[in-house]
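S.K.: Got work.cif for you, mmCIF, C-alpha atoms and all ligand atoms:
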```cif
data_query
#
loop_
_atom_site.label_atom_id
_atom_site.label_comp_id
_atom_site.auth_asym_id
_atom_site.auth_seq_id
_atom_site.Cartn_x
_atom_site.Cartn_y
_atom_site.Cartn_z
CA MET A 1 21.32 15.98 -16.84
CA SER A 2 20.40 19.49 -17.85
CA SER A 3 21.59 22.32 -15.64
CA SER A 4 18.04 23.67 -15.09
CA PRO A 5 17.07 23.62 -11.45
CA LEU A 6 14.73 20.71 -10.80
CA GLY A 7 12.28 22.97 -9.03
CA SER A 8 11.49 24.94 -12.17
CA ARG A 9 10.52 21.88 -14.22
CA GLY A 10 7.19 20.18 -14.57
CA ASN A 11 6.97 16.58 -13.35
CA MET A 12 6.85 15.04 -16.73
CA ASP A 13 9.96 16.81 -17.86
CA ILE A 14 11.93 15.35 -15.01
CA LEU A 15 10.41 11.92 -15.43
CA GLU A 16 10.98 11.93 -19.15
CA GLU A 17 14.54 13.02 -18.64
CA LEU A 18 15.15 10.34 -16.02
CA GLN A 19 13.73 7.75 -18.39
CA LEU A 20 15.94 8.89 -21.20
CA ILE A 21 19.05 8.73 -19.05
CA ALA A 22 18.08 5.30 -17.72
CA ALA A 23 17.46 4.05 -21.27
CA GLN A 24 20.83 5.37 -22.46
CA ASN A 25 22.66 3.75 -19.57
CA LEU A 26 20.85 0.44 -19.42
CA GLU A 27 23.61 -2.16 -19.41
CA ARG A 28 23.32 -5.88 -19.98
CA LEU A 29 24.61 -7.65 -16.89
CA GLU A 30 24.92 -11.10 -15.48
CA VAL A 31 23.37 -10.93 -12.01
CA ASN A 32 25.74 -13.48 -10.48
CA LYS A 33 28.79 -11.52 -11.53
CA TYR A 34 27.96 -8.60 -9.24
CA TYR A 35 25.39 -9.91 -6.82
CA GLU A 36 25.09 -12.85 -4.49
CA VAL A 37 21.45 -13.89 -4.33
CA ILE A 38 20.38 -14.63 -0.74
CA ARG A 39 16.69 -15.43 -1.14
CA GLU A 40 13.49 -14.45 -2.84
CA LEU A 41 11.63 -11.71 -0.97
CA GLY A 42 8.44 -11.74 -2.94
CA LYS A 43 6.70 -12.34 -6.19
CA GLY A 44 4.45 -9.96 -8.02
CA THR A 45 2.43 -9.96 -11.17
CA TYR A 46 5.31 -9.06 -13.41
CA GLY A 47 8.31 -10.68 -11.81
CA LYS A 48 10.04 -11.19 -8.50
CA VAL A 49 12.09 -9.41 -5.87
CA ASP A 50 15.31 -10.98 -4.58
CA LEU A 51 17.43 -10.10 -1.58
CA VAL A 52 21.02 -9.84 -2.80
CA ILE A 53 24.40 -8.67 -1.59
CA HIS A 54 26.40 -6.48 -3.90
CA LYS A 55 29.67 -8.42 -4.17
CA ILE A 56 31.90 -5.37 -4.30
CA ARG A 57 30.08 -2.99 -1.98
CA GLY A 58 28.93 -5.69 0.44
CA THR A 59 25.56 -3.92 0.60
CA LYS A 60 22.27 -5.75 0.97
CA MET A 61 19.76 -4.72 -1.69
CA ALA A 62 16.40 -5.78 -3.03
CA LEU A 63 16.57 -6.41 -6.77
CA LYS A 64 13.26 -6.13 -8.56
CA PHE A 65 13.14 -8.33 -11.67
CA LEU A 66 10.50 -7.52 -14.30
CA ARG A 67 10.01 -10.25 -16.87
CA LYS A 68 10.74 -9.01 -20.39
CA LYS A 69 8.04 -11.29 -21.76
CA THR A 70 5.36 -9.33 -19.93
CA THR A 71 6.98 -5.94 -19.37
CA LYS A 72 7.66 -3.38 -22.06
CA LEU A 73 10.93 -1.48 -21.78
CA LYS A 74 8.86 1.71 -21.60
CA SER A 75 6.94 0.42 -18.55
CA PHE A 76 10.14 -0.64 -16.82
CA LEU A 77 11.73 2.75 -17.44
CA ARG A 78 8.62 4.51 -16.18
CA GLU A 79 8.48 2.50 -12.93
CA TYR A 80 12.21 2.94 -12.37
CA SER A 81 12.15 6.68 -13.05
CA ILE A 82 9.08 7.36 -10.93
CA SER A 83 10.59 5.35 -8.04
CA LEU A 84 13.82 7.30 -8.38
CA TYR A 85 11.99 10.61 -8.57
CA LEU A 86 9.97 9.89 -5.42
CA SER A 87 12.69 8.28 -3.35
CA PRO A 88 13.84 11.50 -1.57
CA CYS A 89 10.68 11.20 0.54
CA PRO A 90 11.64 9.40 3.77
CA PHE A 91 8.41 7.39 3.63
CA ILE A 92 8.97 6.06 0.13
CA ILE A 93 11.32 3.18 -0.64
CA ASN A 94 14.82 4.32 -1.47
CA MET A 95 16.57 3.55 -4.71
CA PHE A 96 20.20 2.81 -5.41
CA GLY A 97 20.21 4.31 -8.89
CA ILE A 98 21.04 0.90 -10.35
CA ALA A 99 19.14 -0.40 -13.38
CA PHE A 100 20.23 -3.06 -15.86
CA GLU A 101 18.91 -5.86 -18.04
CA THR A 102 19.61 -9.58 -18.31
CA ASP A 103 18.50 -11.90 -21.10
CA ASP A 104 15.09 -12.39 -19.48
CA TYR A 105 14.56 -9.47 -17.10
CA TYR A 106 14.74 -5.74 -16.61
CA VAL A 107 16.13 -5.12 -13.14
CA PHE A 108 16.47 -2.26 -10.65
CA ALA A 109 17.80 -2.07 -7.12
CA GLN A 110 15.98 -0.78 -4.03
CA GLU A 111 16.82 -0.61 -0.36
CA TYR A 112 15.94 -3.79 1.48
CA ALA A 113 12.99 -3.59 3.89
CA LEU A 114 14.04 -5.87 6.75
CA SER A 115 10.60 -6.98 7.86
CA GLY A 116 8.88 -7.47 4.52
CA ASP A 117 5.48 -5.98 3.87
CA LEU A 118 2.53 -4.87 5.95
CA PHE A 119 0.32 -7.74 4.92
CA ASP A 120 2.38 -10.20 6.90
CA ILE A 121 1.94 -8.44 10.22
CA ILE A 122 -1.81 -7.84 10.15
CA PRO A 123 -3.36 -10.54 12.34
CA PRO A 124 -6.36 -11.89 10.43
CA GLN A 125 -9.72 -10.94 11.96
CA VAL A 126 -7.97 -9.08 14.76
CA GLY A 127 -6.07 -6.22 13.21
CA LEU A 128 -3.10 -4.27 14.49
CA PRO A 129 -3.08 -2.42 17.81
CA GLU A 130 -4.40 1.09 17.27
CA THR A 131 -1.09 2.78 18.08
CA VAL A 132 0.80 0.61 15.61
CA ALA A 133 -1.86 1.15 12.95
CA LYS A 134 -1.85 4.92 13.50
CA ARG A 135 1.92 5.09 13.31
CA CYS A 136 1.86 3.18 10.04
CA VAL A 137 -1.06 5.11 8.60
CA HIS A 138 0.66 8.39 9.44
CA GLN A 139 3.73 7.49 7.41
CA VAL A 140 1.73 6.10 4.48
CA ALA A 141 -0.40 9.25 4.46
CA ILE A 142 2.68 11.46 4.26
CA ALA A 143 4.04 9.31 1.42
CA LEU A 144 0.76 9.50 -0.51
CA ASP A 145 0.45 13.21 0.09
CA TYR A 146 4.01 13.64 -1.20
CA LEU A 147 3.08 11.70 -4.32
CA HIS A 148 -0.12 13.68 -4.82
CA CYS A 149 1.74 16.95 -4.42
CA LYS A 150 3.93 15.78 -7.29
CA LYS A 151 0.69 15.28 -9.28
CA LEU A 152 1.12 11.52 -9.30
CA VAL A 153 -1.39 8.84 -8.31
CA HIS A 154 -0.12 5.52 -6.94
CA ARG A 155 -3.13 3.42 -8.04
CA ASP A 156 -2.09 0.26 -6.20
CA VAL A 157 -2.31 1.11 -2.50
CA LYS A 158 -2.52 -2.15 -0.51
CA PRO A 159 -0.64 -3.77 2.40
CA GLU A 160 1.71 -5.71 0.11
CA ASN A 161 3.00 -2.41 -1.26
CA ILE A 162 3.80 -0.98 2.15
CA LEU A 163 7.21 -2.20 3.16
CA ILE A 164 8.17 -2.36 6.82
CA PHE A 165 11.48 -2.24 8.62
CA ASP A 166 10.24 -3.45 12.00
CA ARG A 167 7.09 -5.17 13.17
CA GLU A 168 5.99 -2.20 15.29
CA CYS A 169 5.81 -0.05 12.14
CA ARG A 170 8.20 2.58 13.46
CA LYS A 171 9.59 2.77 9.93
CA VAL A 172 7.40 1.97 6.94
CA LYS A 173 7.71 2.96 3.31
CA LEU A 174 5.41 3.03 0.32
CA SER A 175 6.66 1.05 -2.67
CA ASP A 176 5.74 -0.42 -6.07
CA PHE A 177 5.19 2.41 -8.51
CA GLY A 178 4.43 0.13 -11.45
CA MET A 179 0.87 1.44 -11.71
CA THR A 180 1.69 5.06 -10.84
CA ARG A 181 0.55 7.64 -13.37
CA ARG A 182 0.21 11.35 -13.59
CA ALA A 183 -3.14 12.68 -12.34
CA GLY A 184 -5.47 13.42 -15.23
CA SER A 185 -3.88 11.00 -17.66
CA PRO A 186 -6.27 8.74 -19.54
CA VAL A 187 -6.14 5.02 -18.76
CA LYS A 188 -7.93 2.06 -20.18
CA ARG A 189 -9.40 -0.94 -18.46
CA VAL A 190 -7.52 -4.01 -17.28
CA SER A 191 -8.18 -6.49 -14.52
CA GLY A 192 -7.06 -5.58 -11.03
CA THR A 193 -7.19 -5.85 -7.28
CA ILE A 194 -10.70 -5.93 -5.94
CA PRO A 195 -11.35 -4.89 -2.31
CA TYR A 196 -9.25 -1.73 -2.57
CA THR A 197 -10.70 -0.68 -5.90
CA ALA A 198 -12.84 2.46 -5.79
CA PRO A 199 -16.50 2.08 -6.81
CA GLU A 200 -16.16 4.24 -9.90
CA LEU A 201 -13.51 1.81 -11.21
CA CYS A 202 -15.56 -1.26 -10.33
CA ASP A 203 -18.40 -0.15 -12.57
CA THR A 204 -17.97 -2.60 -15.44
CA SER A 205 -20.86 -1.07 -17.35
CA ARG A 206 -18.58 1.86 -18.12
CA HIS A 207 -16.75 1.05 -21.29
CA GLU A 208 -14.86 4.22 -21.84
CA GLY A 209 -11.53 4.71 -20.09
CA PHE A 210 -10.87 6.82 -17.02
CA CYS A 211 -8.85 9.81 -16.00
CA VAL A 212 -6.35 9.00 -13.27
CA ASP A 213 -7.46 10.72 -10.08
CA TYR A 214 -6.13 11.12 -6.52
CA SER A 215 -9.48 10.05 -5.13
CA THR A 216 -8.86 6.41 -6.08
CA ASP A 217 -5.78 6.40 -3.81
CA VAL A 218 -7.87 7.97 -1.05
CA TRP A 219 -10.46 5.20 -1.36
CA ALA A 220 -7.80 2.46 -1.28
CA PHE A 221 -6.21 4.19 1.69
CA GLY A 222 -9.57 4.14 3.52
CA VAL A 223 -9.97 0.42 2.83
CA LEU A 224 -6.38 -0.14 3.95
CA LEU A 225 -7.15 1.59 7.27
CA PHE A 226 -10.14 -0.66 7.84
CA CYS A 227 -8.04 -3.75 7.03
CA MET A 228 -5.25 -2.68 9.37
CA LEU A 229 -7.57 -1.99 12.28
CA THR A 230 -9.76 -5.07 11.92
CA GLY A 231 -7.88 -7.75 9.95
CA ASN A 232 -10.94 -7.93 7.70
CA PHE A 233 -11.88 -6.51 4.36
CA PRO A 234 -14.93 -4.24 4.57
CA TRP A 235 -16.33 -5.89 1.40
CA GLU A 236 -15.24 -8.09 -1.43
CA LYS A 237 -15.82 -5.42 -4.04
CA ALA A 238 -17.34 -1.95 -4.04
CA LEU A 239 -20.36 -2.94 -6.11
CA PRO A 240 -24.08 -2.87 -5.24
CA THR A 241 -24.15 -6.66 -5.62
CA ASP A 242 -21.89 -6.95 -2.57
CA SER A 243 -24.14 -6.93 0.51
CA PHE A 244 -21.42 -5.57 2.82
CA TYR A 245 -20.80 -2.72 0.43
CA GLN A 246 -24.50 -2.09 -0.04
CA GLU A 247 -25.02 -1.88 3.72
CA PHE A 248 -22.12 0.55 3.95
CA THR A 249 -23.41 2.83 1.18
CA ARG A 250 -26.88 2.99 2.78
CA TRP A 251 -25.27 4.23 5.97
CA GLN A 252 -22.79 6.43 4.12
CA ARG A 253 -25.58 8.12 2.15
CA ARG A 254 -27.60 8.52 5.36
CA ARG A 255 -30.43 6.33 4.13
CA THR A 256 -30.18 4.59 7.49
CA GLY A 257 -28.84 5.64 10.86
CA THR A 258 -27.77 2.09 11.63
CA VAL A 259 -24.03 1.68 11.48
CA PRO A 260 -23.21 -1.54 9.57
CA SER A 261 -22.17 -4.29 11.99
CA GLN A 262 -18.51 -4.51 11.00
CA TRP A 263 -18.15 -0.73 11.48
CA ARG A 264 -19.60 -0.64 14.99
CA ARG A 265 -16.22 -1.12 16.65
CA PHE A 266 -15.14 2.38 15.60
CA THR A 267 -15.59 5.62 17.53
CA GLU A 268 -17.69 8.51 16.20
CA GLN A 269 -14.55 10.34 15.10
CA ALA A 270 -13.16 7.32 13.27
CA LEU A 271 -16.50 6.83 11.52
CA ARG A 272 -16.45 10.46 10.49
CA MET A 273 -12.97 9.91 9.05
CA PHE A 274 -14.09 6.81 7.16
CA ARG A 275 -17.11 8.68 5.81
CA ARG A 276 -14.75 11.30 4.36
CA LEU A 277 -12.18 8.84 2.96
CA LEU A 278 -14.75 6.42 1.61
CA SER A 279 -17.22 8.82 0.10
CA VAL A 280 -19.00 6.92 -2.64
CA GLU A 281 -19.07 10.05 -4.78
CA GLN A 282 -15.55 10.49 -6.05
CA ASP A 283 -15.62 14.29 -5.98
CA ARG A 284 -16.74 14.36 -2.34
CA ARG A 285 -13.87 12.23 -1.11
CA CYS A 286 -11.41 14.12 1.08
CA SER A 287 -7.69 14.35 0.49
CA VAL A 288 -5.32 11.91 2.18
CA LYS A 289 -3.94 14.60 4.47
CA GLU A 290 -7.32 15.05 6.16
CA VAL A 291 -6.49 11.94 8.12
CA PHE A 292 -3.90 13.92 10.10
CA GLY A 293 -6.73 15.74 11.82
CA TYR A 294 -7.95 12.49 13.36
CA PHE A 295 -4.80 11.15 15.03
CA SER A 296 -5.50 12.83 18.36
CA HIS A 297 -8.81 10.95 18.65
CA SER A 298 -9.35 7.34 19.63
CA TRP A 299 -10.43 5.23 16.72
CA MET A 300 -11.53 2.03 18.41
CA LEU A 301 -14.49 1.75 20.74
CA ASP A 302 -12.83 -0.66 23.16
CA GLY A 303 -11.91 2.49 25.06
CA ASP A 304 -8.21 1.88 24.93
CA SER A 305 -6.25 3.87 22.41
CA ASN A 306 -3.60 1.19 22.51
CA GLY A 307 -6.08 -1.53 21.82
CA ASN A 308 -6.54 -3.22 18.53
CA GLY A 309 -9.44 -3.50 16.20
CA GLY A 310 -11.48 -5.75 18.43
CA GLY A 311 -13.51 -8.30 16.58
CA GLY A 312 -12.48 -11.24 18.75
CA GLY A 313 -9.46 -13.47 18.70
CA GLU A 314 -6.72 -13.62 21.29
CA ARG A 315 -4.04 -11.09 21.04
CA GLU A 316 -1.30 -9.54 23.02
CA ARG A 317 -2.20 -6.02 24.06
CA GLU A 318 0.20 -3.22 23.66
CA ARG A 319 1.31 -1.61 26.89
CA GLY A 320 2.17 2.02 27.43
CA GLY A 321 0.00 4.97 26.65
CA GLY A 322 0.22 7.89 24.37
CA GLY A 323 -0.23 6.97 20.80
CA VAL A 324 0.78 9.15 17.95
CA ARG A 325 0.44 12.80 18.80
CA VAL A 326 -0.37 15.10 15.95
CA GLU A 327 -1.16 18.71 16.54
CA GLY A 328 -3.55 20.93 14.70
CA ASP A 329 -5.85 19.87 11.93
CA GLY A 330 -3.03 18.39 9.96
CA SER A 331 -3.27 20.82 7.10
CA SER A 332 0.27 21.97 7.70
CA THR A 333 1.45 18.37 7.74
CA SER A 334 0.93 18.18 4.04
CA SER A 335 4.08 17.85 2.02
CA SER A 336 4.18 20.37 -0.73
CA SER A 337 6.50 20.01 -3.65
CA GLY A 338 9.25 21.99 -1.90
CA GLU A 339 12.20 20.55 -0.03
CA GLU A 340 11.45 22.74 2.98
CA ASP A 341 8.10 21.12 3.42
CA GLU A 342 9.70 17.72 3.22
CA GLU A 343 12.13 18.65 5.95
CA MET A 344 9.26 19.96 8.01
CA LEU A 345 7.52 16.64 7.66
CA VAL A 346 10.58 14.77 8.82
CA GLU A 347 10.81 17.12 11.77
CA ARG A 348 7.19 16.49 12.60
CA MET A 349 7.79 12.77 12.48
CA LYS A 350 10.76 13.15 14.81
CA GLN A 351 8.66 15.17 17.25
CA GLN A 352 6.00 12.55 17.57
CA THR A 353 5.57 11.14 21.04
CA LEU A 354 5.92 7.44 20.51
CA SER A 355 5.42 5.29 23.53
CA PRO A 356 7.53 2.20 24.17
CA LEU A 357 5.84 -0.92 22.97
CA SER A 358 5.44 -4.36 24.30
CA PRO A 359 6.58 -7.18 22.02
CA PRO A 360 4.61 -7.31 18.80
CA VAL A 361 1.66 -9.57 18.24
CA SER A 362 3.04 -12.87 17.14
CA VAL A 363 1.84 -13.95 13.73
CA GLU A 364 3.16 -16.72 11.59
CA ARG A 365 4.73 -15.30 8.52
CA GLY A 366 3.69 -16.75 5.22
CA THR A 367 6.35 -18.17 3.00
CA GLY A 368 7.52 -16.27 0.01
CA GLY A 369 5.36 -13.60 -1.51
CA THR A 370 1.88 -13.16 -0.22
CA LYS A 371 -1.18 -11.45 -1.50
CA VAL A 372 -4.35 -10.54 0.23
CA GLY A 373 -7.14 -12.98 -0.20
CA MET A 374 -10.44 -13.23 1.57
CA THR A 375 -12.56 -15.77 3.27
CA GLU A 376 -16.04 -15.08 4.45
CA SER A 377 -16.98 -16.08 7.92
CA GLY A 378 -19.62 -14.41 10.02
CA GLY A 379 -19.32 -10.64 10.06
CA GLY A 380 -16.98 -9.95 7.20
CA HIS A 381 -14.15 -10.80 4.92
CA HIS A 382 -10.87 -11.53 6.54
CA PHE A 383 -7.32 -11.77 5.44
CA VAL A 384 -5.80 -14.94 4.18
CA SER A 385 -2.55 -15.34 2.41
CA VAL A 386 -2.56 -16.15 -1.24
CA SER A 387 0.60 -17.39 -2.77
CA THR A 388 1.58 -15.11 -5.57
CA THR A 389 2.73 -18.08 -7.54
CA SER A 390 -0.88 -19.10 -7.84
CA SER A 391 -2.25 -15.72 -8.76
CA VAL A 392 -3.37 -15.41 -12.32
CA PRO A 393 -2.07 -12.20 -13.80
CA SER A 394 -4.07 -12.41 -16.98
CA THR A 395 -7.37 -12.15 -15.12
CA ASN A 396 -6.09 -11.01 -11.74
CA SER A 397 -8.55 -13.26 -10.00
CA TYR A 398 -7.19 -14.52 -6.73
CA ASP A 399 -6.85 -18.13 -5.77
CA ARG A 400 -7.95 -17.88 -2.19
CA MET A 401 -6.47 -20.26 0.29
CA PRO A 402 -5.61 -20.37 3.98
CA ARG A 403 -2.73 -18.16 5.02
CA ASP A 404 -0.69 -21.13 6.15
CA SER A 405 -1.42 -24.26 8.06
CA ASN A 406 0.23 -23.03 11.28
CA SER A 407 -1.32 -19.62 11.42
CA ASN A 408 -4.08 -18.51 13.74
CA GLN A 409 -6.27 -18.13 10.70
CA PRO A 410 -9.75 -19.32 11.55
CA PRO A 411 -11.44 -21.59 9.08
CA GLY A 412 -13.80 -19.91 6.66
CA ARG A 413 -15.48 -20.33 3.37
CA ILE A 414 -13.01 -19.76 0.61
CA LEU A 415 -14.07 -17.19 -1.90
CA VAL A 416 -12.78 -17.00 -5.42
CA ALA A 417 -13.36 -13.47 -6.53
CA THR A 418 -14.57 -12.95 -10.04
CA PRO A 419 -12.20 -10.80 -12.03
CA ILE A 420 -13.28 -7.23 -12.51
CA GLU A 421 -11.73 -4.55 -14.56
CA ILE A 422 -9.85 -1.49 -13.56
CA CYS A 423 -7.54 0.64 -15.56
CA VAL A 424 -3.87 1.17 -16.21
N1 LIG B 501 12.60 -3.51 -1.16
C1 LIG B 501 12.00 -4.60 -0.69
N2 LIG B 501 12.38 -5.14 0.49
C2 LIG B 501 11.76 -6.25 0.98
N3 LIG B 501 10.76 -6.89 0.35
C3 LIG B 501 10.34 -6.40 -0.83
C4 LIG B 501 10.93 -5.24 -1.41
N4 LIG B 501 10.30 -4.98 -2.57
C5 LIG B 501 9.35 -5.91 -2.70
N5 LIG B 501 9.35 -6.78 -1.67
C6 LIG B 501 8.46 -7.93 -1.50
O1 LIG B 501 8.11 -8.43 -2.77
C7 LIG B 501 6.68 -8.31 -3.00
C8 LIG B 501 6.41 -7.98 -4.46
O2 LIG B 501 7.04 -6.75 -4.78
P1 LIG B 501 6.35 -5.67 -5.71
O3 LIG B 501 5.02 -5.29 -5.15
O4 LIG B 501 7.30 -4.55 -5.94
O5 LIG B 501 6.16 -6.53 -7.04
P2 LIG B 501 5.07 -6.34 -8.18
O6 LIG B 501 5.39 -7.31 -9.27
O7 LIG B 501 5.01 -4.91 -8.60
O8 LIG B 501 3.74 -6.72 -7.39
P3 LIG B 501 2.25 -6.45 -7.82
O9 LIG B 501 1.79 -7.71 -8.44
O10 LIG B 501 1.57 -6.18 -6.49
O11 LIG B 501 2.20 -5.28 -8.72
C9 LIG B 501 6.21 -7.25 -2.02
O12 LIG B 501 4.85 -7.41 -1.69
C10 LIG B 501 7.15 -7.49 -0.83
O13 LIG B 501 6.69 -8.54 -0.01
#
```
Can you present the structure in this file as structure tokens?
Ligand SMILES: Nc1ncnc2c1ncn2[C@@H]1O[C@H](COP(=O)(O)OP(=O)(O)OP(=O)(O)O)[C@@H](O)[C@H]1O
M.R.:
Amino acid sequence: MSSSPLGSRGNMDILEELQLIAAQNLERLEVNKYYEVIRELGKGTYGKVDLVIHKIRGTKMALKFLRKKTTKLKSFLREYSISLYLSPCPFIINMFGIAFETDDYYVFAQEYALSGDLFDIIPPQVGLPETVAKRCVHQVAIALDYLHCKKLVHRDVKPENILIFDRECRKVKLSDFGMTRRAGSPVKRVSGTIPYTAPELCDTSRHEGFCVDYSTDVWAFGVLLFCMLTGNFPWEKALPTDSFYQEFTRWQRRRTGTVPSQWRRFTEQALRMFRRLLSVEQDRRCSVKEVFGYFSHSWMLDGDSNGNGGGGGERERERGGGGVRVEGDGSSTSSSSGEEDEEMLVERMKQQTLSPLSPPVSVERGTGGTKVGMTESGGGHHFVSVSTTSSVPSTNSYDRMPRDSNSNQPPGRILVATPIEICV
């Protein structure tokens, strides 16, 4: 690596340099020679993630395998380099600096997240207790702000890409930088995830490409918050043809004073936050860090800051008061590009008053990799597990099916979402 201090370089210089080094050092390896495969942790569109033990070091790692048939070397190197570049942030998945290729895959190693991903702990139609959700949201917001300060946009914010180390979300990390691009770069359309996709990207009548923008992460982050607190999707897709979305936009644009039914469980302050995060007009959307200003308020109307998202269903309530304490309006919580700011953020996290928790809500964990699907039943769309093996990458439409036969998933009409296009 060049002797220039990292701080004086632009992002792309560092990323390009990291890619070059990774390309020059990419060895061909036989996985079994160095790693003992324990089990598969998940499956994604482009490959799989295995839990392994490094035979020499004895360290547990998560190896991400990207199929060569569907992944260009350039894309692999980009994902690897961006992940490496971002990994100093304590709320972003750590990397081991290991990348290699086999006959069929490009592979890199990450730290292993003991409890899988966020999707698996959100009780469908119930949501997480407010304190747990806030704690998680806080860490994800810092991670996204860190990314944005580096002029990068994640572009795939969803529960499956938030890895957790415990079911109370005391330690969570943002992952999967396969879609991450520099803000302002042009992208063309491909199929993609639906409920988290910002309205401007759902507009299929637009044929020209897009410029990558932070605001699409902010939108996905807003949808993620709703999902975490309620166990439902707010809508199937952010298009006028979706009645849930239409109802929301009428309220959002102040055409009606009536709060849409699935939003009535939130306090005034939480609704104000959602209005800012989920502004239909892209340029009026707030930044992710604005959310810090809302942590001191209750978000759920059940009057108990430790409560969950309401919406029915039996659940175990969290005991102990407090919640996440964040002082000020949060503007100083933003991570800037400097190391000092990062340290400050860690300090802030350490200073948080976190109350002891009762045992977590018990939810059956789906087998293997899971994706968010939706069923429609009564007031909204709720989470169901979708096996990633049955997802169809070429169209990205979801096969929607019950989470698993033993879960507390209520029955509902199964929706198969029509593929829509977003950009890479
Ligand atoms: N480091 C890790 N520790 C534990 N589990 C992991 C880890 N990395 C990934 N997983 C699991 O594997 C799943 C798929 O991983 P990942 O999102 O990186 O793959 P992908 O191919 O990029 O997926 P996508 O189709 O969403 O783009 C995750 O949702 C998670 O459940």
S.K.: Using all atoms listed in the file, find each residue in stretch 130-249 of chain A having at least one atom no more than 12 Å away from stretch 95-100 of chain A; report its shortest atom-to-atom pair and that distance in Å (one decimal), rows by chain then rising number, as a tab-separated table.
M.R.:
```
residue	atom	partner	partner_atom	distance
A:Lys173	CA	A:Met95	CA	12.0
A:Ser175	CA	A:Met95	CA	10.4
A:Asp176	CA	A:Met95	CA	11.6
```
S.K.: Within 9 Å of ligand LIG 501 (chain B), which residues of chain A come that close, and what is the closest atom pair and distance in Å for each? Count all atoms listed in the file and give it as a tab-separated table.
M.R.:
```
residue	atom	partner	partner_atom	distance
A:Glu40	CA	B:LIG501	O1	8.1
A:Leu41	CA	B:LIG501	C6	5.0
A:Gly42	CA	B:LIG501	O1	3.3
A:Lys43	CA	B:LIG501	C8	4.7
A:Gly44	CA	B:LIG501	O6	3.1
A:Thr45	CA	B:LIG501	O9	3.6
A:Tyr46	CA	B:LIG501	O6	4.5
A:Gly47	CA	B:LIG501	O6	5.1
A:Lys48	CA	B:LIG501	O6	6.1
A:Val49	CA	B:LIG501	O1	5.1
A:Asp50	CA	B:LIG501	C3	7.7
A:Leu51	CA	B:LIG501	C2	7.3
A:Met61	CA	B:LIG501	N1	7.3
A:Ala62	CA	B:LIG501	N1	4.8
A:Leu63	CA	B:LIG501	N1	7.5
A:Lys64	CA	B:LIG501	O4	6.7
A:Phe65	CA	B:LIG501	O6	8.2
A:Leu66	CA	B:LIG501	O6	7.2
A:Ile93	CA	B:LIG501	N1	6.8
A:Asn94	CA	B:LIG501	N1	8.1
A:Met95	CA	B:LIG501	N1	8.8
A:Ala109	CA	B:LIG501	N1	8.0
A:Gln110	CA	B:LIG501	N1	5.2
A:Glu111	CA	B:LIG501	N1	5.2
A:Tyr112	CA	B:LIG501	N2	3.9
A:Ala113	CA	B:LIG501	N2	3.8
A:Leu114	CA	B:LIG501	C2	6.2
A:Ser115	CA	B:LIG501	C2	7.0
A:Gly116	CA	B:LIG501	N3	4.6
A:Asp117	CA	B:LIG501	O13	4.8
A:Leu118	CA	B:LIG501	O13	8.1
A:Phe119	CA	B:LIG501	O12	8.0
A:Asp120	CA	B:LIG501	O13	8.3
A:Asp156	CA	B:LIG501	O10	7.4
A:Lys158	CA	B:LIG501	O10	8.3
A:Pro159	CA	B:LIG501	O12	7.8
A:Glu160	CA	B:LIG501	O12	4.0
A:Asn161	CA	B:LIG501	O3	5.2
A:Ile162	CA	B:LIG501	O12	7.6
A:Leu163	CA	B:LIG501	C2	6.5
A:Ile164	CA	B:LIG501	C2	7.9
A:Phe165	CA	B:LIG501	C2	8.6
A:Ser175	CA	B:LIG501	O4	6.5
A:Asp176	CA	B:LIG501	O4	4.4
A:Phe177	CA	B:LIG501	O7	7.3
A:Gly178	CA	B:LIG501	O7	5.8
A:Met179	CA	B:LIG501	O11	7.5
A:Thr193	CA	B:LIG501	O10	8.8
A:Gly368	CA	B:LIG501	O13	7.8
A:Gly369	CA	B:LIG501	O13	5.4
A:Thr370	CA	B:LIG501	O12	6.6
A:Lys371	CA	B:LIG501	O12	7.3
A:Thr388	CA	B:LIG501	O9	7.9
A:Ser391	CA	B:LIG501	O9	9.0
A:Pro393	CA	B:LIG501	O9	8.0
```
S.K.: For A:Lys33, find every residue with an atom within 12 Å (counting all atoms listed in the file), except residues of its own chain fewer than 4 positions away, and show them as a list in words.
M.R.: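 Neighbouring residues, sequence-local ones excluded: Arg28, Leu29, Val37, Val52, Ile53, His54, Lys55, Ile56 and Thr102 of chain A.
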S.K.: Work out how far atom CA of A:Pro260 is from atom CA of A:Cys227, in Å to one decimal.
M.R.: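 Taking atom CA of A:Cys227 and atom CA of A:Pro260, their separation equals 15.5 Å.
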S.K.: Of the candidates A:Cys202, A:Arg254, A:Ser298, A:Glu290, which shows the shortest atom-to-atom distance to A:Asp242, using only C-alpha atoms?
M.R.: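 Residue with the minimum atom-to-atom distance to A:Asp242: A:Cys202.
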S.K.: Considering all atoms listed in the file, state which residue in the set A:Asp217, A:Glu268, A:Glu130, A:Glu208 is at the smallest distance from A:Arg155.
M.R.: A:Asp217
S.K.: Using only C-alpha atoms, find the one residue out of A:Leu128, A:Leu73, A:Pro90, A:Leu15 that sits nearest to A:Lys151.
M.R.: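 Of all the options, A:Leu15 lies closest to A:Lys151.
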S.K.: Considering only C-alpha atoms, state which residue in the set A:Gln282, A:Pro234, A:Leu26, A:Pro123 is at the smallest distance from A:Ser261.
M.R.: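 For A:Ser261, the nearest of the given residues is A:Pro234.
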S.K.: Pick from A:Cys136, A:Leu144, A:Ala198, A:Met273: nearest to A:Ala220, with all atoms listed in the file counted?
M.R.: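 Looking at the shortest contact to A:Ala220, the residue is A:Ala198.
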